[in-house]
Structure formats: structure tokens, C-alpha cells
>>> print(open('start.cif').read())   # mmCIF, C-alpha atoms and all ligand atoms
data_final
loop_
_atom_site.label_atom_id
_atom_site.label_comp_id
_atom_site.auth_asym_id
_atom_site.auth_seq_id
_atom_site.Cartn_x
_atom_site.Cartn_y
_atom_site.Cartn_z
CA MET A 1 74.93 133.09 122.22
CA LYS A 2 74.49 129.59 123.71
CA VAL A 3 77.69 127.60 123.94
CA SER A 4 77.36 124.05 122.72
CA ILE A 5 78.97 121.45 124.98
CA MET A 6 81.07 118.96 123.03
CA SER A 7 79.03 119.61 119.86
CA TYR A 8 75.71 118.55 121.47
CA SER A 9 72.42 120.11 120.38
CA SER A 10 71.29 123.16 122.32
CA SER A 11 68.77 121.19 124.41
CA LEU A 12 71.32 118.53 125.39
CA SER A 13 73.97 121.21 126.00
CA GLU A 14 71.51 122.95 128.34
CA LEU A 15 70.84 119.70 130.18
CA LEU A 16 74.56 118.90 130.51
CA GLU A 17 75.30 122.43 131.67
CA SER A 18 72.51 122.34 134.26
CA ILE A 19 74.04 119.27 135.95
CA GLY A 20 77.60 120.63 135.66
CA ALA A 21 78.77 117.94 133.21
CA LYS A 22 81.87 118.67 131.17
CA GLU A 23 84.53 116.89 129.13
CA GLY A 24 85.68 113.86 131.09
CA SER A 25 82.73 113.78 133.54
CA LYS A 26 81.50 110.34 134.54
CA LEU A 27 77.73 110.19 134.08
CA LEU A 28 74.91 107.91 135.12
CA VAL A 29 72.32 107.90 132.35
CA GLU A 30 68.93 106.26 132.88
CA SER A 31 66.71 105.98 129.88
CA GLU A 32 64.02 103.64 128.56
CA GLY A 33 64.35 101.39 131.61
CA ARG A 34 68.11 100.90 131.33
CA SER A 35 70.99 102.58 133.07
CA PHE A 36 74.56 103.16 131.89
CA ALA A 37 77.59 104.64 133.62
CA GLY A 38 80.49 106.02 131.63
CA ILE A 39 82.54 108.97 130.45
CA LEU A 40 80.83 111.69 128.46
CA MET A 41 82.08 111.68 124.86
CA PRO A 42 81.61 114.38 122.21
CA HIS A 43 78.48 114.30 120.10
CA HIS A 44 78.99 112.18 117.03
CA ASP A 45 78.10 113.65 113.63
CA PHE A 46 76.22 110.51 112.70
CA SER A 47 74.09 110.33 115.84
CA GLY A 48 70.76 112.05 116.33
CA GLU A 49 70.37 115.32 118.19
CA ASP A 50 68.81 113.59 121.19
CA ILE A 51 71.62 111.07 121.68
CA ILE A 52 74.26 111.30 124.42
CA VAL A 53 77.41 109.27 123.83
CA ILE A 54 79.28 107.78 126.76
CA LYS A 55 82.25 105.48 126.94
CA LEU A 56 81.60 102.42 129.07
CA LYS A 57 84.21 100.82 131.32
CA SER A 58 84.70 98.15 128.65
CA GLY A 59 86.06 100.84 126.30
CA TYR A 60 83.02 100.73 123.99
CA ASN A 61 80.91 103.79 123.26
CA VAL A 62 77.12 103.72 123.51
CA GLY A 63 74.66 106.29 122.29
CA ILE A 64 71.64 106.74 124.58
CA ARG A 65 68.45 108.48 123.49
CA ILE A 66 67.41 111.16 125.97
CA GLY A 67 63.66 111.63 126.25
CA GLN A 68 61.17 113.10 128.72
CA ASP A 69 61.63 110.23 131.16
CA SER A 70 65.41 110.03 131.07
CA ALA A 71 67.61 111.03 133.99
CA VAL A 72 71.23 112.12 133.73
CA LYS A 73 73.49 112.83 136.66
CA VAL A 74 77.20 113.38 137.22
CA LEU A 75 78.90 110.62 139.21
CA GLU A 76 82.44 112.04 139.09
CA HIS A 77 84.11 115.13 137.76
CA PRO A 78 87.30 114.72 135.72
CA GLU A 79 90.53 114.89 137.65
CA PRO A 80 92.39 118.11 136.94
CA LYS A 81 95.32 117.48 134.65
CA VAL A 82 98.60 117.61 136.53
CA LYS A 83 100.92 119.97 134.77
CA ASN A 84 104.69 120.11 135.26
CA LYS A 85 104.81 116.78 137.02
CA ALA A 86 108.21 116.29 138.64
CA PRO A 87 110.43 114.27 136.32
CA ALA A 88 111.35 110.79 137.53
CA GLU A 89 114.57 110.73 139.48
CA ARG A 90 117.70 110.10 137.42
CA LYS A 91 119.54 106.92 138.28
CA GLU A 92 123.34 106.90 138.00
CA GLY A 93 124.76 104.35 135.63
CA LEU A 94 121.64 103.90 133.52
CA PRO A 95 121.75 104.92 129.85
CA ASN A 96 119.86 108.01 128.73
CA ILE A 97 117.02 107.33 126.35
CA SER A 98 115.10 110.13 124.80
CA LEU A 99 111.40 109.55 124.15
CA ILE A 100 109.82 111.63 121.39
CA ALA A 101 106.03 111.44 121.28
CA THR A 102 104.20 112.05 118.01
CA GLY A 103 100.66 110.83 118.80
CA GLY A 104 98.78 107.74 117.61
CA THR A 105 96.90 105.11 119.58
CA ILE A 106 99.90 104.57 121.85
CA ALA A 107 99.34 108.08 123.23
CA SER A 108 95.57 108.07 123.20
CA ASN A 109 94.58 107.14 126.67
CA VAL A 110 93.49 110.61 127.67
CA GLU A 111 90.99 110.47 124.82
CA TYR A 112 89.04 107.82 126.69
CA ARG A 113 88.94 109.70 129.96
CA THR A 114 88.22 113.18 128.69
CA GLY A 115 86.39 112.61 125.47
CA ALA A 116 88.92 114.66 123.52
CA VAL A 117 89.21 113.34 119.99
CA ARG A 118 92.92 113.58 119.53
CA PRO A 119 95.88 111.69 120.98
CA ALA A 120 96.98 113.64 124.02
CA LEU A 121 99.08 111.60 126.40
CA SER A 122 102.07 113.53 127.75
CA VAL A 123 105.57 112.13 127.51
CA SER A 124 105.77 111.52 131.26
CA ASP A 125 102.35 109.80 131.25
CA LEU A 126 103.62 107.63 128.45
CA ALA A 127 106.82 106.79 130.31
CA ASP A 128 104.87 106.13 133.53
CA SER A 129 102.60 103.72 131.67
CA ALA A 130 105.57 101.35 131.35
CA PRO A 131 107.33 101.16 134.75
CA GLU A 132 109.71 98.44 133.52
CA MET A 133 110.94 100.83 130.87
CA ARG A 134 111.86 103.35 133.60
CA GLY A 135 113.87 100.58 135.27
CA ALA A 136 115.99 100.06 132.16
CA ALA A 137 117.01 103.64 131.41
CA ASN A 138 116.73 107.28 132.40
CA ILE A 139 113.88 108.46 130.21
CA SER A 140 113.53 112.07 129.24
CA GLY A 141 111.59 113.37 126.32
CA ARG A 142 109.37 115.72 124.47
CA ALA A 143 106.09 115.69 122.63
CA LEU A 144 106.75 116.80 119.07
CA PHE A 145 103.27 116.23 117.61
CA SER A 146 99.98 114.94 118.86
CA ILE A 147 98.47 113.50 115.70
CA PHE A 148 97.32 110.25 114.19
CA SER A 149 99.89 109.03 111.73
CA GLU A 150 97.54 109.18 108.74
CA ASN A 151 98.02 112.96 109.06
CA MET A 152 101.80 112.80 108.80
CA ASN A 153 103.59 114.13 105.75
CA ALA A 154 107.14 114.86 104.64
CA GLU A 155 107.33 117.97 106.80
CA HIS A 156 106.63 115.92 109.92
CA TRP A 157 109.37 113.47 108.90
CA GLN A 158 111.76 116.39 108.43
CA GLU A 159 110.99 117.87 111.83
CA LEU A 160 111.23 114.47 113.46
CA ALA A 161 114.61 113.65 111.87
CA ALA A 162 115.99 117.00 113.02
CA ALA A 163 114.66 116.37 116.57
CA VAL A 164 116.24 112.90 116.69
CA ALA A 165 119.63 114.26 115.56
CA GLU A 166 119.38 116.99 118.20
CA GLU A 167 118.61 114.49 120.99
CA ILE A 168 121.56 112.30 120.00
CA ASN A 169 123.90 115.26 119.71
CA ASN A 170 122.77 116.37 123.19
CA GLY A 171 123.87 113.05 124.65
CA ALA A 172 121.00 110.55 124.22
CA ASP A 173 122.21 106.95 124.01
CA GLY A 174 119.16 106.10 121.95
CA VAL A 175 115.87 107.60 120.83
CA VAL A 176 112.46 105.97 121.09
CA ILE A 177 109.66 107.51 119.03
CA SER A 178 106.05 106.73 119.92
CA HIS A 179 103.99 106.83 116.73
CA GLY A 180 100.67 105.83 115.20
CA THR A 181 100.84 102.48 113.48
CA ASP A 182 99.10 103.30 110.18
CA THR A 183 102.03 105.03 108.50
CA MET A 184 104.80 103.99 110.85
CA GLY A 185 106.63 102.17 108.04
CA TYR A 186 106.80 105.35 105.94
CA THR A 187 108.24 107.36 108.83
CA ALA A 188 110.74 104.60 109.60
CA ALA A 189 111.89 104.65 105.97
CA ALA A 190 112.08 108.45 105.89
CA LEU A 191 114.20 108.58 109.07
CA SER A 192 116.41 105.77 107.72
CA PHE A 193 117.38 107.83 104.67
CA MET A 194 117.43 111.22 106.39
CA LEU A 195 119.59 110.06 109.31
CA GLY A 196 121.97 107.91 107.18
CA ASP A 197 124.63 106.32 109.37
CA VAL A 198 123.17 107.60 112.64
CA PRO A 199 125.49 106.34 115.42
CA LYS A 200 122.78 105.31 117.93
CA PRO A 201 119.57 103.26 117.87
CA VAL A 202 116.41 105.09 116.81
CA VAL A 203 113.37 102.95 117.54
CA ILE A 204 109.81 103.68 116.46
CA VAL A 205 107.10 102.05 118.51
CA GLY A 206 103.31 102.06 118.52
CA ALA A 207 100.31 100.18 119.82
CA GLN A 208 97.24 98.56 118.35
CA ARG A 209 95.23 99.08 121.58
CA SER A 210 95.30 102.30 123.58
CA THR A 211 96.96 102.43 126.98
CA ASP A 212 93.76 102.42 129.04
CA ARG A 213 92.57 99.06 127.69
CA PRO A 214 93.48 95.99 129.69
CA SER A 215 94.66 94.40 126.44
CA SER A 216 96.92 97.33 125.54
CA ASP A 217 100.17 96.44 123.83
CA ALA A 218 101.59 99.92 124.52
CA PRO A 219 103.56 99.33 127.76
CA SER A 220 105.13 96.08 126.61
CA ASN A 221 106.08 97.49 123.20
CA LEU A 222 107.60 100.59 124.83
CA THR A 223 109.58 98.46 127.25
CA ALA A 224 110.86 96.23 124.45
CA ALA A 225 111.86 99.31 122.41
CA VAL A 226 113.87 100.76 125.30
CA ARG A 227 115.46 97.40 126.07
CA PHE A 228 116.60 97.06 122.47
CA CYS A 229 118.11 100.56 122.59
CA VAL A 230 119.93 99.71 125.79
CA LYS A 231 121.06 96.15 125.13
CA GLY A 232 120.94 95.64 121.36
CA GLY A 233 124.25 97.38 120.64
CA LYS A 234 122.99 98.25 117.14
CA ALA A 235 122.71 101.63 115.44
CA GLY A 236 120.13 102.56 112.81
CA VAL A 237 116.39 103.07 112.51
CA PHE A 238 114.12 100.25 113.70
CA VAL A 239 110.49 99.49 114.47
CA VAL A 240 109.64 97.44 117.57
CA MET A 241 106.21 95.81 117.90
CA HIS A 242 104.65 92.57 119.14
CA GLU A 243 105.96 89.52 117.31
CA ALA A 244 103.00 87.36 118.39
CA LEU A 245 99.57 87.88 119.91
CA GLY A 246 100.70 87.44 123.52
CA ASP A 247 102.77 89.90 125.53
CA ASP A 248 105.80 87.65 125.46
CA SER A 249 107.70 88.24 122.24
CA PHE A 250 108.70 91.32 120.31
CA ALA A 251 110.30 91.79 116.91
CA VAL A 252 112.79 94.49 115.99
CA HIS A 253 112.34 95.33 112.32
CA ILE A 254 114.74 97.19 110.03
CA GLY A 255 113.14 100.58 109.36
CA THR A 256 113.10 100.21 105.56
CA ARG A 257 111.75 96.66 105.52
CA VAL A 258 108.69 96.73 107.71
CA ARG A 259 105.00 96.75 106.91
CA LYS A 260 101.71 96.83 108.81
CA MET A 261 100.12 93.61 107.52
CA HIS A 262 96.93 93.54 109.57
CA THR A 263 94.45 96.23 110.53
CA SER A 264 94.08 95.30 114.18
CA ARG A 265 96.15 92.35 115.38
CA ARG A 266 98.88 93.04 117.91
CA ASP A 267 101.37 91.17 115.72
CA ALA A 268 100.45 93.24 112.64
CA PHE A 269 104.00 94.32 111.81
CA GLN A 270 106.21 92.06 109.73
CA SER A 271 109.63 92.29 108.14
CA ILE A 272 109.31 91.81 104.39
CA ASN A 273 112.00 89.94 102.45
CA VAL A 274 114.35 89.89 105.44
CA ARG A 275 114.29 88.44 108.93
CA PRO A 276 113.69 90.85 111.82
CA ALA A 277 116.93 92.35 113.13
CA ALA A 278 116.27 90.95 116.62
CA LEU A 279 113.71 89.18 118.77
CA LEU A 280 113.10 89.93 122.43
CA ASP A 281 111.16 88.02 125.04
CA LYS A 282 109.13 89.48 127.88
CA ASP A 283 112.11 89.43 130.24
CA GLY A 284 114.28 91.34 127.82
CA ASN A 285 116.33 88.35 126.61
CA MET A 286 117.41 89.20 123.12
CA LYS A 287 118.42 87.25 120.04
CA LEU A 288 120.11 89.33 117.37
CA THR A 289 119.38 87.83 113.99
CA SER A 290 121.03 90.28 111.63
CA GLU A 291 124.44 91.87 111.67
CA GLY A 292 123.77 95.57 111.14
CA ARG A 293 125.92 98.49 112.25
CA ASN A 294 127.22 98.69 115.82
CA ILE A 295 126.59 101.66 118.08
CA ALA A 296 129.39 104.22 117.67
CA SER A 297 130.40 107.57 119.04
CA GLY A 298 130.05 110.63 116.87
CA LYS A 299 127.39 113.07 115.87
CA ALA A 300 124.12 112.52 114.07
CA ALA A 301 123.30 114.56 110.99
CA ALA A 302 119.88 114.89 109.35
CA ARG A 303 119.70 115.38 105.57
CA THR A 304 116.04 116.20 105.40
CA LYS A 305 115.40 117.60 101.91
CA MET A 306 112.48 115.87 100.16
CA GLU A 307 111.02 116.25 96.66
CA ARG A 308 107.29 116.57 97.31
CA SER A 309 106.17 116.11 93.68
CA THR A 310 106.53 112.36 93.96
CA ILE A 311 103.68 109.86 93.64
CA LEU A 312 103.03 106.21 94.41
CA LEU A 313 100.64 104.26 92.17
CA GLN A 314 99.36 100.72 92.32
CA TYR A 315 98.89 99.02 88.94
CA TYR A 316 95.64 97.09 88.34
CA PRO A 317 94.34 95.29 85.23
CA GLY A 318 92.69 97.78 82.91
CA MET A 319 94.54 100.79 84.40
CA ASP A 320 93.64 103.64 82.06
CA PRO A 321 96.62 105.97 81.42
CA SER A 322 94.34 108.90 80.61
CA LEU A 323 93.30 108.98 84.30
CA PHE A 324 96.90 109.24 85.44
CA GLU A 325 98.54 111.29 82.70
CA ASN A 326 98.06 114.58 84.46
CA ALA A 327 99.54 113.36 87.74
CA MET A 328 102.44 111.57 86.08
CA MET A 329 103.41 114.46 83.84
CA LYS A 330 103.40 116.80 86.85
CA SER A 331 105.53 114.54 89.06
CA LYS A 332 109.30 114.46 89.22
CA GLY A 333 109.24 111.03 90.80
CA ILE A 334 106.84 108.13 90.15
CA VAL A 335 106.84 104.79 91.93
CA ILE A 336 104.59 102.09 90.52
CA ALA A 337 103.80 98.90 92.40
CA GLY A 338 103.45 96.71 89.35
CA SER A 339 102.07 93.21 89.02
CA GLY A 340 104.35 90.20 89.44
CA LEU A 341 107.95 90.98 88.59
CA GLY A 342 107.06 94.69 88.17
CA HIS A 343 104.71 94.86 85.18
CA VAL A 344 102.02 97.18 83.80
CA ASN A 345 99.90 97.03 80.64
CA GLU A 346 101.06 98.29 77.24
CA GLU A 347 99.09 101.56 77.47
CA MET A 348 100.75 102.40 80.78
CA ILE A 349 104.17 101.62 79.29
CA ARG A 350 103.54 104.35 76.71
CA LEU A 351 102.74 106.78 79.53
CA ILE A 352 105.86 105.72 81.44
CA LYS A 353 107.91 106.55 78.33
CA LYS A 354 106.26 109.94 78.05
CA ALA A 355 106.97 110.68 81.72
CA CYS A 356 110.61 109.57 81.43
CA ASP A 357 111.08 111.65 78.27
CA ASN A 358 109.63 114.54 80.29
CA GLY A 359 112.47 114.17 82.83
CA SER A 360 110.66 112.18 85.55
CA LEU A 361 112.23 109.23 87.30
CA VAL A 362 109.94 106.16 87.13
CA VAL A 363 110.67 103.35 89.59
CA MET A 364 109.07 99.91 89.37
CA THR A 365 108.37 97.82 92.47
CA SER A 366 106.13 94.82 92.94
CA GLN A 367 102.77 94.61 94.68
CA CYS A 368 103.65 90.98 95.52
CA LEU A 369 105.86 92.45 98.29
CA GLY A 370 107.68 89.14 98.67
CA GLY A 371 110.52 88.56 96.20
CA ARG A 372 112.29 90.81 93.70
CA THR A 373 111.30 92.79 90.67
CA ASN A 374 112.96 91.65 87.46
CA LEU A 375 112.33 93.46 84.20
CA ASN A 376 114.52 91.15 82.14
CA VAL A 377 112.30 88.08 82.12
CA TYR A 378 109.23 89.03 80.04
CA LYS A 379 108.82 91.26 76.99
CA THR A 380 106.67 93.54 79.15
CA GLY A 381 109.55 94.10 81.55
CA ARG A 382 112.01 94.79 78.76
CA ASP A 383 109.61 97.31 77.23
CA ILE A 384 109.33 99.05 80.62
CA LEU A 385 113.13 99.25 80.81
CA SER A 386 113.31 100.62 77.25
CA ALA A 387 110.70 103.21 78.20
CA GLY A 388 113.25 104.51 80.71
CA ALA A 389 112.02 103.12 84.06
CA ILE A 390 114.23 101.40 86.61
CA ALA A 391 113.41 98.52 88.99
CA VAL A 392 114.61 98.32 92.59
CA LEU A 393 114.94 94.63 93.46
CA ASP A 394 113.02 93.72 96.63
CA MET A 395 112.40 97.24 97.94
CA LEU A 396 108.92 97.81 99.37
CA PRO A 397 106.80 100.21 97.26
CA GLU A 398 106.35 102.65 100.14
CA THR A 399 110.07 102.56 100.97
CA ALA A 400 110.82 103.24 97.29
CA TYR A 401 108.38 106.17 97.38
CA VAL A 402 110.05 107.74 100.42
CA LYS A 403 113.54 107.03 99.07
CA LEU A 404 112.66 108.57 95.71
CA MET A 405 111.50 111.79 97.42
CA TRP A 406 114.79 111.84 99.29
CA ALA A 407 117.02 110.86 96.34
CA LEU A 408 115.51 113.45 93.98
CA ALA A 409 115.96 116.21 96.56
CA ASN A 410 119.50 115.27 97.56
CA ALA A 411 120.99 114.40 94.17
CA ASP A 412 122.28 116.97 91.68
CA ASN A 413 120.41 115.47 88.74
CA VAL A 414 118.10 112.62 87.70
CA ASP A 415 120.98 110.29 86.78
CA GLU A 416 122.50 110.74 90.22
CA ALA A 417 119.07 110.12 91.80
CA LYS A 418 118.77 106.95 89.68
CA ARG A 419 122.13 105.76 90.95
CA LEU A 420 121.08 106.42 94.55
CA MET A 421 117.84 104.52 93.98
CA MET A 422 119.76 101.48 92.80
CA THR A 423 122.30 101.54 95.64
CA PRO A 424 121.32 100.09 99.03
CA LEU A 425 121.70 102.90 101.57
CA ALA A 426 119.80 101.72 104.65
CA GLY A 427 119.28 97.98 104.22
CA GLU A 428 116.28 98.65 101.97
CA MET A 429 117.15 96.27 99.13
CA SER A 430 119.22 93.26 98.32
CA ASP A 431 119.83 91.06 95.34
CA ARG A 432 120.58 88.04 97.46
CA ARG A 433 117.73 85.85 98.56
CA SER A 434 118.14 84.66 102.13
CA VAL A 435 117.11 81.03 102.52
CA ASP A 436 114.19 81.49 104.85
CA VAL A 437 112.36 84.59 103.59
N1 LIG A 501 95.25 105.61 112.99
C1 LIG A 501 96.17 105.48 114.09
C2 LIG A 501 97.49 106.07 113.68
O1 LIG A 501 98.15 105.55 112.83
C3 LIG A 501 96.29 104.07 114.48
C4 LIG A 501 97.34 103.78 115.51
O2 LIG A 501 97.93 104.62 116.11
O3 LIG A 501 97.62 102.62 115.73
O4 LIG A 501 97.88 107.05 114.24
#
>>> encode(input="start.cif", output="C-alpha cells", more="lines below")
Ligand code: ASP
Amino acid sequence: MKVSIMSYSSSLSELLESIGAKEGSKLLVESEGRSFAGILMPHHDFSGEDIIVIKLKSGYNVGIRIGQDSAVKVLEHPEPKVKNKAPAERKEGLPNISLIATGGTIASNVEYRTGAVRPALSVSDLADSAPEMRGAANISGRALFSIFSENMNAEHWQELAAAVAEEINNGADGVVISHGTDTMGYTAAALSFMLGDVPKPVVIVGAQRSTDRPSSDAPSNLTAAVRFCVKGGKAGVFVVMHEALGDDSFAVHIGTRVRKMHTSRRDAFQSINVRPAALLDKDGNMKLTSEGRNIASGKAAARTKMERSTILLQYYPGMDPSLFENAMMKSKGIVIAGSGLGHVNEEMIRLIKKACDNGSLVVMTSQCLGGRTNLNVYKTGRDILSAGAIAVLDMLPETAYVKLMWALANADNVDEAKRLMMTPLAGEMSDRRSVDV
């Protein structure tokens, strides 16, 4: 049977095989009077059978039609991957930071060179990509997953929380987690609840541009994350990302209060309803802006149980309860991002009552994100309260979703879970409005 090379058609596979091209080969492709040099990428499902895809130096992919008159040759073969690279030398007196890699764009540079379609940068490659980070701490680490964060679920959070606790209990002064940006806020919230009063800093960091792009934000974000671990003096779960478009300022966000607010900008992450916990400049100068817990001695413990039958819904005008009845009646926990102060229409209130009577815990948040829910202002809100739902002040909907999974699994009964939901546990809610947010 003919083996297809990187999902190419049999004729293109034959051609690639005949010139010795493989994953990661640099090709020169001449076709229809034009020539392109770049790294061979896998065949794309949406491109025709006669198209070869290569990644140009600029980072962009082009598809080139291969016809009778085209010529393809190999310019360079991929460098063999170095396995078991010697770890960087340990420097006396520097703190020990453990780097846990989980995948995402921040770890995707190998994808560009080899054409592999998954994040695959090793922990030492990642650490080497940010030499200044190595200057600030002894970095050791492990790759726990190699996935994009849209594929994360509660089991990944559980494994990650257990790994963080293990690293701290084995002597790490702080843990930096490299992570995809899409669902970073959910993971940060999950670790915040699972790790409780963790005695050291746990910092999640990502990148909007992969490491091999000149504009990559990966090295500077990693460096800022390590610097915060080393110099911040604060314990808890945080997210560190660019604060502005340039490489000169970084924000440290509280893990339960952070949201990706832009699809692609380097400063996509923002603290919602609170100020960032700290700001750092490119030289590592730091301004702490919130009090938070100080680093302490002691062990870390991970309480990782999660109730998986929990859902998160966004209310919209005209929401038809019949479309959601099945899901709501099957779920033990339901978070709704309501309109305004935390509202839904009358038909949905009837369904909320039915779900509450069925033993589910229904939690109202607001899709406004900024400000607090308040179910005491309008008749709608009061009806939602009478139906049995609770509201959770200024908690982000996704944080409420993660917390509800955690509260339902760790409480003895629904009333206890309700009490946990309404008690701030990891800086996730407050009933005081700070002047400037
Ligand atoms: N989709 C990617 C992820 O979340 C994007 C990124 O890493 O920034 O893993």
C-alpha cells in the first residue's frame, strides 16, 4: 500500500518521496513562472489534490498548484530533534521555578519548522526561548500536555492542579504554567479554587504569537511571569500577559478575575472589576497594586473534585426554554449570564424554578461583565430569586461556572454549595466597588 506523505494525494506523495522531502524539509517550488521557498506543511483538507502547502519565512502559508511544468526540490532537510538536551546549569542562590508546559501557541514553534499540527515545544526549548528568564531563576520543568487550550476540560485542570501541588511540595519556589490563551481564564479559575491557599505563586502565561515569529510575545511574557514569581512576594494563582501592545509592560491578573478580551492583540487579557495585582516593566521593575496573600512556607494541597454536570448559558432576547429544558433538568449546576443586573425573560424564570425544584443550583451572573448583579432592583430579579436562583455579585460568568463545578463536588449538599458560591474564596467576587474599575 502506498504511504501518503503528510496527507498529500498519491501523486504528490510520490513526487515528494522521489525527492526525499519529509516533514520539516525546506523546499524550493517553481510553478507557473513563480518560485517560493519554505517549509513543507501538511496537506490541507480544503486545498485541491494538486496543491503543495509551504510556510514562507514570513510565517504565512501558501498553496502552490503543481502541474506538468512545476519543479520541486529540497533545499534543506530538517535538523534532527535533539533529545535529552543537557539541562541548564544550576546557579546557587537563585530561586527554583518549575515550568509546566501544557501546549498552546506559546509552545508552537516546532509546528512552523516541521509542519506538525500540534503544539510541540519541549520545556527546555521553551525555557531557552527566554534567556532573561534563565537569568532570574533556576528553571526546571515538565511537559504535562501538548494541546491547544480549547481542548482542555475539567480532567486537565485536575491533573494540572495535582502537578502544581507536587512541584511546590518538592521544593519549587513558584510554578509557571505555559498555556493556550483561549481558555486560560477558565484554567486560572479552576486552579484558584482547587489549590485554595497555595503558599507560593502559580503563574499561567501564554502568547498571542508563536515563538518563531519576530513579533512573538512568548519570551517577554515568560520572563515577566518568572520575575513576578521571584520578586512579587505574593502567593496565589495569577495570569501574566502583555499589558500593552509593546514589549515593555506586563500585567499580573488575579486568576479568577481575568478575561481574554480580544482575539489577537498582544494586550488581549484584562482584569475585570478589579485592578491587576501588579504591573511589570521590561526591566522587571514591579508595582504591586493589590494586597493579596504573601508567600509562606508550608505544603500545597489540591482539592480537585469537580461536578461535571454543570452548564453555562448566555441569555438572549427570545430565549426559548423548550430548547434548554433538557439540558437544565439534567444538570446539577447551571450558570446563566443574564442581561443587565442578571435578568432573563419570564418563560426562562419558569424553567429556572423547575430546575431549582428539581434540586439544581442556578447561579445568575451578568453578561455586562463590568459591575455587579443585583436581583433586588427589578421585579424580574425578584422573581428570579423567588424561583430559587442566587446571584454572585461581580463574579465573571466563566469563573462562576468553574466555581460551581468545584462547589457542588466539594460540598455535602446544595445548601452548602450555595453558601460556598456566595463566599469569596479566591478573590473572585466583591461587594465593594473600587473607585477606578
Ligand atoms: N487556540 C490556542 C489555544 O488556546 C490559542 C493560543 O494558544 O493562544 O491554545
>>> residues_near_ligand(input="start.cif", ligand="ligand LIG 501 (chain A)", cutoff="6 Å", atoms="all atoms listed in the file", output="MDAnalysis selection string")
chainID A and resid 104:105 148:150 180:183 207:208
>>> atom_distance(input="start.cif", atom1="atom CA of Leu396 of chain A", atom2="atom CA of His262 of chain A")
16.3 Å
>>> residues_around(input="start.cif", residues="segment 267-269 of chain A", least_positions_apart="5", cutoff="9 Å", atoms="only C-alpha atoms", output="number ranges by chain")
A: 181, 208, 239-246, 250-251, 253, 258-262
>>> residues_near_point(input="start.cif", point="(120.3, 111.6, 118.7)", cutoff="12 Å", atoms="only C-alpha atoms", output="ChimeraX atom specification")
/A:96-100,141,160-177,191,195,197-203,229,235-237,295-302
>>> closest_residue(input="start.cif", among="A:Ala355, A:Leu375, A:Leu408, A:Ala71", to="Asn326 of chain A", atoms="only C-alpha atoms")
A:Ala355
>>> build_atoms(input="start.cif", residues="segment 345-360 of chain A", atoms="N, CA, C and O atoms", output="short mmCIF file (atom, residue, chain, number, x, y, z; two decimals), in the coordinates of the input")
data_model
loop_
_atom_site.label_atom_id
_atom_site.label_comp_id
_atom_site.auth_asym_id
_atom_site.auth_seq_id
_atom_site.Cartn_x
_atom_site.Cartn_y
_atom_site.Cartn_z
N ASN A 345 100.37 97.33 82.00
CA ASN A 345 99.90 97.03 80.64
C ASN A 345 100.58 97.93 79.58
O ASN A 345 101.29 98.89 79.92
N GLU A 346 100.34 97.58 78.32
CA GLU A 346 101.06 98.29 77.24
C GLU A 346 100.74 99.79 77.21
O GLU A 346 101.62 100.61 76.95
N GLU A 347 99.47 100.13 77.49
CA GLU A 347 99.09 101.56 77.47
C GLU A 347 99.86 102.33 78.54
O GLU A 347 100.31 103.46 78.31
N MET A 348 100.02 101.71 79.71
CA MET A 348 100.75 102.40 80.78
C MET A 348 102.24 102.52 80.43
O MET A 348 102.89 103.49 80.80
N ILE A 349 102.75 101.52 79.68
CA ILE A 349 104.17 101.62 79.29
C ILE A 349 104.37 102.86 78.42
O ILE A 349 105.36 103.59 78.57
N ARG A 350 103.40 103.14 77.55
CA ARG A 350 103.54 104.35 76.71
C ARG A 350 103.57 105.61 77.58
O ARG A 350 104.33 106.54 77.32
N LEU A 351 102.75 105.61 78.64
CA LEU A 351 102.74 106.78 79.53
C LEU A 351 104.05 106.87 80.32
O LEU A 351 104.58 107.97 80.57
N ILE A 352 104.57 105.72 80.72
CA ILE A 352 105.86 105.72 81.44
C ILE A 352 106.93 106.35 80.55
O ILE A 352 107.73 107.18 80.99
N LYS A 353 106.90 105.99 79.26
CA LYS A 353 107.91 106.55 78.33
C LYS A 353 107.77 108.07 78.25
O LYS A 353 108.75 108.81 78.32
N LYS A 354 106.51 108.50 78.15
CA LYS A 354 106.26 109.94 78.05
C LYS A 354 106.78 110.66 79.31
O LYS A 354 107.41 111.73 79.22
N ALA A 355 106.53 110.06 80.47
CA ALA A 355 106.97 110.68 81.72
C ALA A 355 108.50 110.72 81.79
O ALA A 355 109.10 111.72 82.19
N CYS A 356 109.14 109.61 81.40
CA CYS A 356 110.61 109.57 81.43
C CYS A 356 111.19 110.60 80.45
O CYS A 356 112.13 111.32 80.78
N ASP A 357 110.59 110.67 79.25
CA ASP A 357 111.08 111.65 78.27
C ASP A 357 110.90 113.07 78.80
O ASP A 357 111.63 113.99 78.43
N ASN A 358 109.93 113.24 79.69
CA ASN A 358 109.63 114.54 80.29
C ASN A 358 110.58 114.87 81.45
O ASN A 358 110.47 115.90 82.08
N GLY A 359 111.48 113.91 81.77
CA GLY A 359 112.47 114.17 82.83
C GLY A 359 112.10 113.58 84.19
O GLY A 359 112.79 113.83 85.18
N SER A 360 111.02 112.79 84.25
CA SER A 360 110.66 112.18 85.55
C SER A 360 111.45 110.90 85.75
O SER A 360 111.88 110.27 84.77
#
